[in-house]
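Following: one structure in structure tokens, then a few remarks.
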Amino acid sequence: MALNFNKDAVYRAAKPKDKDYSISDGGGLALKVKPDGTKRWTFFYRLRDGTKNYLGFGEYPATTLENARRKAEEARQQIAEGIDPGEIRRQEKAAKQLAKQNQDRQKEGLPILDSFADITRQWLASIAHLTTATTHAKKTSRIERLAFPLLGDKPIKEIKSADVLAVLKPMIDKQQLETAHRLHAEISSIFAYAIVHNFTDYDPAQPVAKQIPAQKVRHRAAIIDPKQVGQLLRDIYAYQGTYVVQMALRLSPLLFQRPGEIRQMLWDDVDLVAEEWRPYISKTDFHHIVPLSRHALEILEAIQPLTGDGQYVFPSSRGDGRPMSNNTIRTALITLGYDSTIQTAHGFRTIASTLLNEQGWSPDAIERRLAHAPRDQV
């Protein structure tokens with residue numbers, strides 16, 4: 001192949017004509033001269049499949065003859081290797097545009113396009129209607145805090161199983177296995193979304209599942225011997241703490257509800273006339289109706305003059321407009337000699353479930369009283 005036909009003086013001396021014309025330098029490289037005097041380097045080439053194409057190498061003399069020949073030689077080498085230099089040029093241009101776009105997005109506080117953070121935002125938006133706002137916020141916070149520092153800016157296609165394990169390893173080492181399992185499941189769901197929407201081809205989180213130790217089930221301690229339960233109730237009624245805590249502690253074994261729901265009980269949800277408490281159960285996302293026994297009514301009627309003007313039935317002793325602390329009942333039980341290995345606040349639900357089932361009450365009725373109602377249309 002004949003190359004380098006002319007010296008630089010030939011191209012420097014080229015004058016414009018009425019129409020475009022080209023001066024060949026050989027091997028597909030030529031200088032195109034336009035009627036307005038503009039001179040541009042062009043490179044014409046043919047691929048193995050017969051496809052013809054051309055590239056522009058810039059204006060002359062800003063792009064010198066030497067530089068134009070160097071670019072042409074690089075293109076010829078690519079063609080010899082079966083690579084289309086035009087496609088390489090397009091990819092480089094797209095990469096530069098993407099980099100500029102991502103710089104602008106980062107300035108606006110947005111994630112990099114097609115990154116783990118970007119796909120995560122899309123996935124979170126797609127499932128927002130399936131969970132409560134509180135649950136969605138917790139899920140978002142967990143991923144942002146624990147996964148984004150290592151994975152957030154990585155292109156979703158480039159994330160490997162080792163990257164996912166690196167995110168989970170600190171939790172595994174600290175035996176925070178519940179968090180590790182939750183986060184792993186969420187990362188895997190994000191990749192499932194990415195696969196379906198053609199952002200990537202596989203889920204690198206899947207092989208990591210076996211690297212997370214199984215979580216040991218921790219049962220919440222509860223007294224289930226009827227005689228010991230009787231002693232527990234007598235001890236509760238003998239408790240000498242503050243009046244609000246006394247009433248909350250006495251009410252806990254009567255309602256069978258979760259400690260968080262009891263401590264956050266709202267006066268607006270209590271109907272003393274209908275003898276019902278109608279809390280919203282965030283755990284299962286529905287409004288639960290809790291019938292109030294005579295003893296439960298007596299407790300609520302006794303505390304109403306003290307806290308009835310406020311929002312919460314059992315407000316914080318600090319007077320800061322918040323409900324009682326989630327450790328208050330636990331601390332009261334410890335004061336009575338029942339530590340977390342003997343009886344917990346949540347254990348009152350276990351007492352109710354165990355003893356009522358042993359006495360032959362309907363299992364379905366017990367489950368519904370515990371707010372374990374099945375989430376189906378029936």
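Labeling convention for the structure tokens: chains A, B, ... as they appear, residues from 1 per chain, ligands from 1 in order of appearance.
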
Residues near region 319-330 of chain A, cut-off 8 Å, only C-alpha atoms, skip fewer than 2 positions along chain, as number ranges by chain: A: 245, 248-249, 259-260, 263-264, 311-312, 314-317, 332-334, 339-340, 344-345

Sel. of strand (DSSP E or B) residues, region 1-120 of chain A, as a ChimeraX atom specification: /A:3,21-26,29-33,39-46,52-59,115

For CA of Val290 (chain A) and CA of Arg278 (chain A), the interatomic separation in Å (one decimal): 6.1 Å

Can you pull out every residue within 8 Å of region 335-338 of chain A, counting only C-alpha atoms, but drop anything in the same chain fewer than 5 positions away, and send it as a PDB file with N, CA and C atoms, in the first residue's frame?
```pdb
ATOM      1  N   ASP A 235     -46.521  -9.395  91.117  1.00  0.00           N
ATOM      2  CA  ASP A 235     -45.348  -8.519  91.190  1.00  0.00           C
ATOM      3  C   ASP A 235     -45.574  -7.229  90.401  1.00  0.00           C
ATOM      4  N   ILE A 236     -46.227  -7.358  89.251  1.00  0.00           N
ATOM      5  CA  ILE A 236     -46.506  -6.173  88.431  1.00  0.00           C
ATOM      6  C   ILE A 236     -47.388  -5.189  89.201  1.00  0.00           C
ATOM      7  N   TYR A 239     -45.499  -3.141  91.700  1.00  0.00           N
ATOM      8  CA  TYR A 239     -44.417  -2.282  91.208  1.00  0.00           C
ATOM      9  C   TYR A 239     -44.602  -0.847  91.707  1.00  0.00           C
ATOM     10  N   GLN A 343     -38.198 -12.941  81.387  1.00  0.00           N
ATOM     11  CA  GLN A 343     -39.432 -12.357  80.870  1.00  0.00           C
ATOM     12  C   GLN A 343     -39.125 -11.042  80.168  1.00  0.00           C
ATOM     13  N   THR A 344     -39.640 -10.877  78.964  1.00  0.00           N
ATOM     14  CA  THR A 344     -39.482  -9.626  78.223  1.00  0.00           C
ATOM     15  C   THR A 344     -40.848  -8.990  78.002  1.00  0.00           C
TER      16      THR A 344
END
```

Sel. of helix (DSSP H, G or I) residues, region 115-297 of chain A, as a count of residues only: 112

Nearest to Ile190 (chain A) by atom-to-atom distance, counting only C-alpha atoms, from A:Leu165, A:Ile143, A:Ala2, A:Ala214: A:Ile143

Selected residue, from A:Arg250, A:Arg46, A:His129, A:Lys71, that lies nearest to Ile303 (chain A) when counting only C-alpha atoms: A:Arg250

Surrounding residues of Ser161 (chain A) excluding itself and chain neighbours under 5 positions, 7 Å, only C-alpha atoms, as a list in words: Pro204, Ala205, Pro207 and Val208 of chain A

Pick from A:Met247, A:Gly82, A:Thr134, A:Gly26 nearest to Gln304 (chain A), counting only C-alpha atoms: A:Met247

Neighbour list for Lys7 (chain A) as number ranges by chain, cut-off 12 Å, only C-alpha atoms, skip fewer than 4 positions in-chain: A: 3, 11-14, 23-25, 64-66, 69

Residues within 12 Å of Val229 (chain A), only C-alpha atoms, excluding chain neighbours under 2 positions, as a ChimeraX atom specification: /A:222-227,231-236,253,338,342-343,347-348,350-352,354-355

Counting only C-alpha atoms, the residue of A:Pro291, A:Gly56, A:Pro61, A:Gly27 that sits nearest Lys39 (chain A):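 Using only C-alpha atoms, the shortest distance to Lys39 (chain A) belongs to A:Pro61.
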
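Minimum distance to Phe116 (chain A) across A:Arg145, A:Lys93, A:Lys52, A:Lys157 (counting only C-alpha atoms) occurs at A:Lys157.
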
Close residues, region 149-151 of chain A itself excluded, 8 Å, only C-alpha atoms, min 4 positions apart in chain, as a PyMOL selection string: chain A and resi 116-117+144-145+159+163-164+167

Output for the residues just chosen: all heavy atoms as a PDB file, in the first residue's frame:
```pdb
ATOM      1  N   PHE A 116     -24.957   1.661  40.398  1.00  0.00           N
ATOM      2  CA  PHE A 116     -25.750   0.924  41.383  1.00  0.00           C
ATOM      3  C   PHE A 116     -26.734   1.860  42.071  1.00  0.00           C
ATOM      4  O   PHE A 116     -27.900   1.510  42.279  1.00  0.00           O
ATOM      5  CB  PHE A 116     -24.826   0.270  42.408  1.00  0.00           C
ATOM      6  CG  PHE A 116     -25.545  -0.493  43.481  1.00  0.00           C
ATOM      7  CD1 PHE A 116     -26.029  -1.772  43.242  1.00  0.00           C
ATOM      8  CD2 PHE A 116     -25.765   0.071  44.733  1.00  0.00           C
ATOM      9  CE1 PHE A 116     -26.701  -2.475  44.230  1.00  0.00           C
ATOM     10  CE2 PHE A 116     -26.430  -0.619  45.728  1.00  0.00           C
ATOM     11  CZ  PHE A 116     -26.903  -1.896  45.475  1.00  0.00           C
ATOM     12  N   ALA A 117     -26.267   3.076  42.413  1.00  0.00           N
ATOM     13  CA  ALA A 117     -27.152   4.035  43.086  1.00  0.00           C
ATOM     14  C   ALA A 117     -28.314   4.444  42.192  1.00  0.00           C
ATOM     15  O   ALA A 117     -29.455   4.572  42.652  1.00  0.00           O
ATOM     16  CB  ALA A 117     -26.357   5.268  43.519  1.00  0.00           C
ATOM     17  N   GLU A 144     -28.497   3.012  51.592  1.00  0.00           N
ATOM     18  CA  GLU A 144     -27.651   4.207  51.461  1.00  0.00           C
ATOM     19  C   GLU A 144     -26.468   4.160  52.423  1.00  0.00           C
ATOM     20  O   GLU A 144     -25.336   4.505  52.060  1.00  0.00           O
ATOM     21  CB  GLU A 144     -28.479   5.468  51.701  1.00  0.00           C
ATOM     22  CG  GLU A 144     -29.454   5.795  50.581  1.00  0.00           C
ATOM     23  CD  GLU A 144     -30.273   7.031  50.884  1.00  0.00           C
ATOM     24  OE1 GLU A 144     -30.310   7.439  52.071  1.00  0.00           O
ATOM     25  OE2 GLU A 144     -30.897   7.578  49.951  1.00  0.00           O
ATOM     26  N   ARG A 145     -26.724   3.743  53.663  1.00  0.00           N
ATOM     27  CA  ARG A 145     -25.664   3.735  54.682  1.00  0.00           C
ATOM     28  C   ARG A 145     -24.659   2.619  54.476  1.00  0.00           C
ATOM     29  O   ARG A 145     -23.445   2.816  54.650  1.00  0.00           O
ATOM     30  CB  ARG A 145     -26.277   3.597  56.079  1.00  0.00           C
ATOM     31  CG  ARG A 145     -26.993   4.810  56.596  1.00  0.00           C
ATOM     32  CD  ARG A 145     -27.485   4.610  58.019  1.00  0.00           C
ATOM     33  NE  ARG A 145     -28.509   3.574  58.124  1.00  0.00           N
ATOM     34  CZ  ARG A 145     -28.310   2.365  58.587  1.00  0.00           C
ATOM     35  NH1 ARG A 145     -27.108   2.004  59.026  1.00  0.00           N
ATOM     36  NH2 ARG A 145     -29.307   1.478  58.650  1.00  0.00           N
ATOM     37  N   ILE A 159     -20.148  -4.576  38.686  1.00  0.00           N
ATOM     38  CA  ILE A 159     -20.123  -5.060  40.066  1.00  0.00           C
ATOM     39  C   ILE A 159     -19.977  -6.582  40.071  1.00  0.00           C
ATOM     40  O   ILE A 159     -20.709  -7.292  39.392  1.00  0.00           O
ATOM     41  CB  ILE A 159     -21.390  -4.624  40.818  1.00  0.00           C
ATOM     42  CG1 ILE A 159     -21.409  -3.098  40.957  1.00  0.00           C
ATOM     43  CG2 ILE A 159     -21.464  -5.276  42.198  1.00  0.00           C
ATOM     44  CD1 ILE A 159     -22.670  -2.544  41.584  1.00  0.00           C
ATOM     45  N   ASP A 163     -17.425  -7.679  45.259  1.00  0.00           N
ATOM     46  CA  ASP A 163     -17.838  -6.339  45.696  1.00  0.00           C
ATOM     47  C   ASP A 163     -19.019  -6.431  46.656  1.00  0.00           C
ATOM     48  O   ASP A 163     -19.070  -5.708  47.661  1.00  0.00           O
ATOM     49  CB  ASP A 163     -18.224  -5.483  44.484  1.00  0.00           C
ATOM     50  CG  ASP A 163     -17.080  -5.280  43.514  1.00  0.00           C
ATOM     51  OD1 ASP A 163     -15.949  -5.097  43.997  1.00  0.00           O
ATOM     52  OD2 ASP A 163     -17.306  -5.320  42.296  1.00  0.00           O
ATOM     53  N   VAL A 164     -19.964  -7.313  46.346  1.00  0.00           N
ATOM     54  CA  VAL A 164     -21.128  -7.484  47.214  1.00  0.00           C
ATOM     55  C   VAL A 164     -20.692  -8.055  48.563  1.00  0.00           C
ATOM     56  O   VAL A 164     -21.141  -7.597  49.626  1.00  0.00           O
ATOM     57  CB  VAL A 164     -22.173  -8.405  46.559  1.00  0.00           C
ATOM     58  CG1 VAL A 164     -23.356  -8.630  47.495  1.00  0.00           C
ATOM     59  CG2 VAL A 164     -22.650  -7.806  45.238  1.00  0.00           C
ATOM     60  N   VAL A 167     -19.258  -5.511  50.901  1.00  0.00           N
ATOM     61  CA  VAL A 167     -20.273  -4.701  51.583  1.00  0.00           C
ATOM     62  C   VAL A 167     -20.788  -5.423  52.830  1.00  0.00           C
ATOM     63  O   VAL A 167     -20.974  -4.815  53.894  1.00  0.00           O
ATOM     64  CB  VAL A 167     -21.451  -4.391  50.626  1.00  0.00           C
ATOM     65  CG1 VAL A 167     -22.627  -3.794  51.392  1.00  0.00           C
ATOM     66  CG2 VAL A 167     -21.003  -3.443  49.530  1.00  0.00           C
TER      67      VAL A 167
END
```

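Here CA of Leu266 (chain A) and CA of Gly308 (chain A) stand 9.5 Å from one another.
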
Among the residues A:Phe43, A:Trp267, A:Tyr237, A:Tyr54, the one that comes closest to Gly28 (chain A) [using only C-alpha atoms]: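 Closest to Gly28 (chain A), using only C-alpha atoms: A:Phe43.
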
Computed interatomic separation between CA of Arg48 (chain A) and CA of Glu87 (chain A) (Å):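 One can read the CA of Arg48 (chain A) to CA of Glu87 (chain A) distance as 14.3 Å.
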